[in-house]
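Peer 1: Dropping in query25.cif, with mmCIF, C-alpha atoms.
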data_run
loop_
_atom_site.group_PDB
_atom_site.id
_atom_site.type_symbol
_atom_site.label_atom_id
_atom_site.label_comp_id
_atom_site.auth_asym_id
_atom_site.auth_seq_id
_atom_site.Cartn_x
_atom_site.Cartn_y
_atom_site.Cartn_z
ATOM 1 C CA MET X 19 90.906 104.697 127.994
ATOM 2 C CA LYS X 20 89.432 106.895 125.283
ATOM 3 C CA GLN X 21 92.797 107.150 123.528
ATOM 4 C CA LYS X 22 93.069 103.368 123.129
ATOM 5 C CA SER X 23 89.640 103.255 121.476
ATOM 6 C CA ILE X 24 90.623 106.073 119.098
ATOM 7 C CA GLU X 25 93.802 104.173 118.206
ATOM 8 C CA LEU X 26 91.860 100.967 117.451
ATOM 9 C CA LEU X 27 89.169 102.817 115.510
ATOM 10 C CA ASN X 28 91.868 104.455 113.351
ATOM 11 C CA LYS X 29 93.532 101.076 112.760
ATOM 12 C CA ALA X 30 90.167 99.833 111.537
ATOM 13 C CA ILE X 31 89.830 102.842 109.212
ATOM 14 C CA ALA X 32 93.262 102.079 107.751
ATOM 15 C CA ASP X 33 92.252 98.469 107.084
ATOM 16 C CA GLU X 34 88.864 99.464 105.660
ATOM 17 C CA LEU X 35 90.497 102.011 103.332
ATOM 18 C CA SER X 36 92.848 99.301 102.084
ATOM 19 C CA ALA X 37 89.867 97.023 101.510
ATOM 20 C CA VAL X 38 87.997 99.718 99.550
ATOM 21 C CA HIS X 39 91.009 100.282 97.311
ATOM 22 C CA GLN X 40 91.636 96.561 96.800
ATOM 23 C CA TYR X 41 88.010 95.699 96.113
ATOM 24 C CA MET X 42 87.567 98.562 93.649
ATOM 25 C CA TYR X 43 90.724 97.394 91.870
ATOM 26 C CA PHE X 44 89.218 93.898 91.660
ATOM 27 C CA HIS X 45 85.902 95.397 90.538
ATOM 28 C CA PHE X 46 87.574 97.266 87.656
ATOM 29 C CA HIS X 47 89.392 94.166 86.449
ATOM 30 C CA CYS X 48 86.403 91.828 86.751
ATOM 31 C CA ASP X 49 84.235 94.373 84.979
ATOM 32 C CA ASP X 50 86.821 94.722 82.207
ATOM 33 C CA GLN X 51 86.808 90.953 81.714
ATOM 34 C CA GLY X 52 83.008 90.775 81.605
ATOM 35 C CA TYR X 53 82.547 89.046 84.959
ATOM 36 C CA ASP X 54 79.517 91.099 85.970
ATOM 37 C CA LEU X 55 78.491 89.077 89.032
ATOM 38 C CA LEU X 56 81.941 89.226 90.582
ATOM 39 C CA ALA X 57 82.477 92.854 89.558
ATOM 40 C CA ALA X 58 79.202 93.798 91.264
ATOM 41 C CA LEU X 59 80.104 91.809 94.385
ATOM 42 C CA PHE X 60 83.463 93.554 94.738
ATOM 43 C CA LYS X 61 81.849 96.955 94.170
ATOM 44 C CA ARG X 62 79.053 96.309 96.719
ATOM 45 C CA THR X 63 81.603 95.163 99.284
ATOM 46 C CA ALA X 64 83.739 98.271 98.686
ATOM 47 C CA ILE X 65 80.669 100.422 99.312
ATOM 48 C CA ASP X 66 79.949 98.491 102.542
ATOM 49 C CA GLU X 67 83.545 99.111 103.621
ATOM 50 C CA MET X 68 83.107 102.844 102.901
ATOM 51 C CA MET X 69 80.088 102.840 105.193
ATOM 52 C CA HIS X 70 82.238 101.198 107.873
ATOM 53 C CA ILE X 71 84.786 104.010 107.506
ATOM 54 C CA GLU X 72 82.021 106.550 108.031
ATOM 55 C CA GLN X 73 80.786 104.802 111.195
ATOM 56 C CA LEU X 74 84.315 104.511 112.577
ATOM 57 C CA ALA X 75 85.108 108.161 111.798
ATOM 58 C CA GLU X 76 81.909 109.336 113.481
ATOM 59 C CA ARG X 77 82.865 107.424 116.620
ATOM 60 C CA ILE X 78 86.394 108.868 116.606
ATOM 61 C CA LEU X 79 85.026 112.391 116.268
ATOM 62 C CA PHE X 80 82.576 111.773 119.106
ATOM 63 C CA LEU X 81 85.547 110.723 121.256
ATOM 64 C CA LYS X 82 87.239 114.005 120.229
ATOM 65 C CA GLY X 83 89.963 112.203 118.308
ATOM 66 C CA GLU X 84 91.568 112.848 114.945
ATOM 67 C CA VAL X 85 90.475 110.687 112.021
ATOM 68 C CA GLU X 86 93.513 109.299 110.223
ATOM 69 C CA MET X 87 92.844 108.497 106.576
ATOM 70 C CA GLU X 88 95.899 106.406 105.697
ATOM 71 C CA ALA X 89 95.414 103.006 104.097
ATOM 72 C CA SER X 90 97.272 100.214 105.874
ATOM 73 C CA GLN X 91 98.395 98.532 102.625
ATOM 74 C CA LYS X 92 98.966 99.279 98.978
ATOM 75 C CA VAL X 93 96.776 97.628 96.366
ATOM 76 C CA LYS X 94 98.057 94.231 95.269
ATOM 77 C CA LYS X 95 97.894 93.856 91.504
ATOM 78 C CA ILE X 96 96.096 90.543 91.116
ATOM 79 C CA TYR X 97 94.383 89.590 87.850
ATOM 80 C CA ASP X 98 93.471 85.945 88.473
ATOM 81 C CA VAL X 99 89.911 85.690 89.818
ATOM 82 C CA LYS X 100 90.684 82.731 92.084
ATOM 83 C CA GLU X 101 93.522 84.709 93.664
ATOM 84 C CA MET X 102 91.233 87.734 94.039
ATOM 85 C CA LEU X 103 88.657 85.645 95.882
ATOM 86 C CA LYS X 104 91.327 84.009 98.073
ATOM 87 C CA MET X 105 92.719 87.405 99.028
ATOM 88 C CA ALA X 106 89.211 88.743 99.724
ATOM 89 C CA CYS X 107 88.489 85.791 102.034
ATOM 90 C CA ASP X 108 91.795 86.314 103.835
ATOM 91 C CA MET X 109 91.120 90.035 104.264
ATOM 92 C CA GLU X 110 87.614 89.502 105.617
ATOM 93 C CA GLU X 111 88.740 86.753 107.972
ATOM 94 C CA ALA X 112 91.555 88.939 109.339
ATOM 95 C CA SER X 113 89.181 91.885 109.832
ATOM 96 C CA ALA X 114 86.651 89.760 111.701
ATOM 97 C CA ARG X 115 89.406 88.384 113.938
ATOM 98 C CA ASP X 116 90.866 91.844 114.641
ATOM 99 C CA TYR X 117 87.484 93.431 115.285
ATOM 100 C CA ASN X 118 86.585 90.690 117.755
ATOM 101 C CA LEU X 119 89.808 91.349 119.653
ATOM 102 C CA TRP X 120 89.335 95.104 119.499
ATOM 103 C CA ALA X 121 85.748 94.821 120.749
ATOM 104 C CA ASN X 122 87.118 93.018 123.800
ATOM 105 C CA GLU X 123 89.784 95.711 124.295
ATOM 106 C CA CYS X 124 87.164 98.463 124.137
ATOM 107 C CA SER X 125 85.059 96.553 126.646
ATOM 108 C CA ALA X 126 88.044 96.239 128.981
ATOM 109 C CA ASN X 127 88.451 100.028 128.710
ATOM 110 C CA ALA X 128 84.780 100.696 129.543
ATOM 111 C CA ASP X 129 83.882 101.843 126.007
ATOM 112 C CA SER X 130 80.760 99.843 125.278
ATOM 113 C CA VAL X 131 79.729 101.920 122.243
ATOM 114 C CA SER X 132 83.000 101.239 120.382
ATOM 115 C CA LYS X 133 82.713 97.602 121.495
ATOM 116 C CA LYS X 134 79.239 97.369 119.918
ATOM 117 C CA LEU X 135 80.490 99.044 116.746
ATOM 118 C CA PHE X 136 83.303 96.501 116.379
ATOM 119 C CA GLU X 137 80.860 93.649 117.049
ATOM 120 C CA ALA X 138 78.552 94.929 114.300
ATOM 121 C CA LEU X 139 81.510 95.157 111.933
ATOM 122 C CA VAL X 140 82.425 91.538 112.727
ATOM 123 C CA GLU X 141 78.976 90.505 111.537
ATOM 124 C CA ASP X 142 79.436 92.375 108.239
ATOM 125 C CA GLU X 143 82.939 91.017 107.677
ATOM 126 C CA GLU X 144 81.737 87.459 108.282
ATOM 127 C CA ARG X 145 78.930 88.015 105.765
ATOM 128 C CA HIS X 146 81.483 89.296 103.224
ATOM 129 C CA TYR X 147 83.710 86.307 103.916
ATOM 130 C CA ASN X 148 80.779 83.962 103.310
ATOM 131 C CA GLN X 149 79.964 85.639 99.977
ATOM 132 C CA TYR X 150 83.553 85.303 98.739
ATOM 133 C CA ASP X 151 83.784 81.754 100.049
ATOM 134 C CA ASP X 152 80.587 80.875 98.132
ATOM 135 C CA GLU X 153 82.136 82.313 94.961
ATOM 136 C CA MET X 154 85.274 80.227 95.524
ATOM 137 C CA GLU X 155 83.071 77.147 95.881
ATOM 138 C CA ASN X 156 81.316 78.029 92.621
ATOM 139 C CA MET X 157 84.720 78.297 90.927
ATOM 140 C CA LYS X 158 85.658 74.843 92.255
ATOM 141 C CA LYS X 159 82.337 73.298 91.205
ATOM 142 C CA PHE X 160 82.053 74.856 87.770
ATOM 143 C CA GLY X 161 85.672 75.714 86.949
ATOM 144 C CA ASP X 162 86.393 78.209 84.204
ATOM 145 C CA ASN X 163 82.863 77.641 82.886
ATOM 146 C CA TYR X 164 81.642 79.778 85.795
ATOM 147 C CA LEU X 165 83.549 82.797 84.470
ATOM 148 C CA ALA X 166 82.691 82.016 80.861
ATOM 149 C CA LEU X 167 78.970 82.029 81.716
ATOM 150 C CA GLN X 168 79.308 85.502 83.226
ATOM 151 C CA SER X 169 81.050 86.800 80.085
ATOM 152 C CA ILE X 170 78.443 85.211 77.814
ATOM 153 C CA GLU X 171 75.640 86.754 79.883
ATOM 154 C CA ARG X 172 77.208 90.195 79.476
ATOM 155 C CA SER X 173 77.577 89.694 75.724
ATOM 156 C CA LYS X 174 73.899 88.750 75.469
ATOM 157 C CA ASN X 175 72.880 91.842 77.441
ATOM 158 C CA VAL X 176 75.066 94.164 75.355
ATOM 159 C CA ALA X 177 73.705 92.662 72.116
ATOM 160 C CA ALA X 178 70.152 93.143 73.390
ATOM 161 C CA GLY X 179 70.856 96.745 74.439
ATOM 162 C CA ARG X 180 70.319 96.006 78.151
ATOM 163 C CA PRO X 181 72.466 97.545 80.873
ATOM 164 C CA THR X 182 75.336 95.342 82.070
ATOM 165 C CA GLU X 183 75.279 96.437 85.691
#
Using the file provided, produce a representation of the structure as structure tokens.
Peer 2:
Amino acid sequence: MKQKSIELLNKAIADELSAVHQYMYFHFHCDDQGYDLLAALFKRTAIDEMMHIEQLAERILFLKGEVEMEASQKVKKIYDVKEMLKMACDMEEASARDYNLWANECSANADSVSKKLFEALVEDEERHYNQYDDEMENMKKFGDNYLALQSIERSKNVAAGRPTE
């Protein structure tokens, strides 16, 4: 019973590590292009995912398991913002789906604490999905002007000597 929970918790760590790496990659590229709002969103989400890793690792250690720190995927080199947002939505949707299933598996194995942890993570992943989906809607509504406005805002802040993040 306990071993199955440890296995699922480690799978979640692998996925969360991949998300951290991917989102920081997106953050760097959005920041480089002057898209401060999107850069900050990717960075905040990466930090949330790091907190998830910490919660998952603490649970594994409580169960006397070994924390595996291997990312499940390599970073995909994507430079187009629309593709970044699409991938982010896909990642968050997949995580929410997996965590729902894994919560049920933990419940079936009489591990209600891991079940609750996965349920809490579902809530976070759905919130992340919604944020990225909103950004995709903004891109559809405003087109490339949406990105241009972010770059212009950064230029104004730099010219005025204000911090950009």
Peer 1: Choose the residue, out of X:Glu153, X:Glu101, X:Glu72, X:Asp54, that has the smallest atom-to-atom separation from Leu167 in chain X; count only C-alpha atoms.
Peer 2: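 Nearest candidate to Leu167 in chain X out of X:Glu153, X:Glu101, X:Glu72, X:Asp54: X:Asp54.
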Peer 1: Find the residues with any atom within 9 Å of (83.3, 95.7, 105.2); use only C-alpha atoms and the coordinates as given in the file, and write the answer as a VMD selection string.
Peer 2: chain X and resid 34 37 to 38 63 to 71 110 113 139 to 140 142 to 146
Peer 1: So that I can check the surroundings of Tyr41 in chain X, please list as JSON, numbers by chain every protein, DNA and RNA residue that reaches within 12 Å of it, counting all atoms listed in the file and ignoring chain neighbours fewer than 6 positions away.
Peer 2: {"X": [34, 35, 47, 48, 49, 56, 57, 58, 59, 60, 61, 62, 63, 64, 65, 66, 67, 68, 92, 93, 94, 95, 96, 99, 102, 103, 105, 106, 107, 109, 110, 146, 150]}
Peer 1: Smallest atom-to-atom distance to Lys82 in chain X: which of X:Asp116, X:Asp98, X:Glu25, X:Glu155, using only C-alpha atoms?
Peer 2: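 Smallest separation from Lys82 in chain X among the options: X:Glu25.
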Peer 1: Excluding Cys124 in chain X and any residue of its chain fewer than 2 positions from it, enumerate the residues within 9 Å of it, using only C-alpha atoms, and give them as a list in words.
Peer 2: Met19, Lys20, Lys22, Ser23, Leu26, Leu119, Trp120, Ala121, Asn122, Ala126, Asn127, Ala128, Asp129, Ser130, Val131, Ser132, Lys133 and Phe136 of chain X
Peer 1: Selected residues, C-alpha atoms, written as an mmCIF file, keeping the file's coordinate frame, please.
Peer 2:
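Saved result, selection-v8.cif, follows:
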data_model
loop_
_atom_site.group_PDB
_atom_site.id
_atom_site.type_symbol
_atom_site.label_atom_id
_atom_site.label_comp_id
_atom_site.auth_asym_id
_atom_site.auth_seq_id
_atom_site.Cartn_x
_atom_site.Cartn_y
_atom_site.Cartn_z
ATOM 1 C CA MET X 19 90.906 104.697 127.994
ATOM 2 C CA LYS X 20 89.432 106.895 125.283
ATOM 3 C CA LYS X 22 93.069 103.368 123.129
ATOM 4 C CA SER X 23 89.640 103.255 121.476
ATOM 5 C CA LEU X 26 91.860 100.967 117.451
ATOM 6 C CA LEU X 119 89.808 91.349 119.653
ATOM 7 C CA TRP X 120 89.335 95.104 119.499
ATOM 8 C CA ALA X 121 85.748 94.821 120.749
ATOM 9 C CA ASN X 122 87.118 93.018 123.800
ATOM 10 C CA ALA X 126 88.044 96.239 128.981
ATOM 11 C CA ASN X 127 88.451 100.028 128.710
ATOM 12 C CA ALA X 128 84.780 100.696 129.543
ATOM 13 C CA ASP X 129 83.882 101.843 126.007
ATOM 14 C CA SER X 130 80.760 99.843 125.278
ATOM 15 C CA VAL X 131 79.729 101.920 122.243
ATOM 16 C CA SER X 132 83.000 101.239 120.382
ATOM 17 C CA LYS X 133 82.713 97.602 121.495
ATOM 18 C CA PHE X 136 83.303 96.501 116.379
#
Peer 1: CA of Phe46 in chain X and CA of Ala166 in chain X are how many Å apart?
Peer 2: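 Pair CA of Phe46 in chain X / CA of Ala166 in chain X returns 17.4 Å.
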Peer 1: Kindly give the distance, in Å, that separates CA of Arg77 in chain X and CA of Gln40 in chain X, rounded to a single decimal.
Peer 2: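 Taking CA of Arg77 in chain X as the start and CA of Gln40 in chain X as the end point, the length is 24.2 Å.
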